[in-house]
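Colleague: Sharing a structure here in structure tokens format.
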Amino acid sequence: METLLGRFAVGLAPVLVLVLLFAMVARLARRRNEEKRSRAEDMIAEDDDANQTRPKDVGEELFLHAPVDKLPVKEYTEEQREKPHPAYMWQNKVLAAADKKMLRFETPPSNVELKKMFGRTNLEFVARYEENFVNLIHAMCHWAEALLAAEERDDARKVLEVAVDMGSEISQTYMLLADIYAGDGEEEKLAGLKKLVEGRSFPAKNTTLTYIEGL
């Protein structure tokens, strides 16, 4: 009898362990589901609260102003304007974009945070101001490329350096500028640009760093 009981206990032990493990896993899963549900409820409540925020105008101090005086703006001949010359065309696009209201946040806020800052009804305007900044940087990149194609390297460099100083989130800005620094043998400038990229957050950041490191 003792032998039978002993064998039964030995055979039952793995089953008990499995039952205990199953119970622990089920309890952990239930706890996680409760935590997820609680977070979701908190997010919904926070969003509802943000939706009640009264509309607030974007303060003038928040708008970003492009330093046009630092850009290599120049006059073109009538013939160049009529073609039109690529650099002239993109110069005009940059100047037009720079004249619009722009916003850029060092740390992009969430929609809930934006609602709390400016009110739900102003989100469309905020998004438009942010888009204006992105459009400006894109135009500056194209302008720099046109200047490089026209062998106006120094002017292209000025355009890109202004774009970087403004907080460009477009990798092409940094890569083109890195090419110029590398081509001119300016290792300190190149190292400084790499350090600057390391401290920023934007799409294709890792790709940009790899490119600069390769140079």
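Following the order of the structure tokens, first chain is A, next is B, and so on, with residues numbered from 1 inside each chain and ligands from 1 in the order they appear.
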Can you list every residue of segment 79-121 of chain A that has an atom at most 10 Å from segment 52-63 of chain A, with its nearest atom pair and the distance in Å to one decimal, using only C-alpha atoms, ordered by chain then number, as CSV?
Modeller:
```
residue,atom,partner,partner_atom,distance
A:Lys100,CA,A:Phe63,CA,9.8
A:Lys101,CA,A:Phe63,CA,6.5
A:Met102,CA,A:Phe63,CA,5.5
A:Leu103,CA,A:Phe63,CA,5.2
A:Arg104,CA,A:Phe63,CA,7.8
A:Phe105,CA,A:Leu62,CA,9.0
A:Lys115,CA,A:Thr53,CA,6.9
A:Lys116,CA,A:Thr53,CA,5.8
A:Met117,CA,A:Lys56,CA,7.2
A:Phe118,CA,A:Lys56,CA,4.6
A:Gly119,CA,A:Pro55,CA,4.1
A:Arg120,CA,A:Pro55,CA,6.9
A:Thr121,CA,A:Pro55,CA,6.5
```
Colleague: Mind checking which residues fall within 7 Å of segment 167-181 of chain A, counting only C-alpha atoms, ignoring those fewer than 6 positions away in the same chain, and posting them as JSON, numbers by chain?
Modeller: {"A": [137, 141, 157, 160, 189, 190, 202, 203, 204, 205, 208, 212]}
Colleague: Compare A:Lys70, A:Trp90, A:Asn132, A:His142 by their minimum atom-to-atom distance to Asp165 of chain A, counting only C-alpha atoms, and give me the closest one.
Modeller: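 Among A:Lys70, A:Trp90, A:Asn132, A:His142, it is A:Lys70 that comes nearest to Asp165 of chain A.
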Colleague: Tell me which protein, DNA and RNA residues are within 9 Å of Ala139 of chain A, counting only C-alpha atoms, leaving out same-chain ones fewer than 4 positions away, and put them as a VMD selection string.
Modeller: chain A and resid 90 to 91 93 to 94 97 134 to 135 143 to 144
Colleague: Between atom CA of Ala182 of chain A and atom CA of Gly214 of chain A, what is the distance, to one decimal in Å?
Modeller: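 Atom CA of Gly214 of chain A lies at a distance of 10.2 Å from atom CA of Ala182 of chain A.
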Colleague: Using only C-alpha atoms for the distances, tell me which of A:Leu136, A:Ala156, A:Val126, A:Val112 is nearest to Ala96 of chain A.
Modeller: A:Leu136
Colleague: Could you tell me how far atom CA of Glu188 of chain A lies from atom CA of Pro67 of chain A, in Å and to one decimal?
Modeller: 24.6 Å
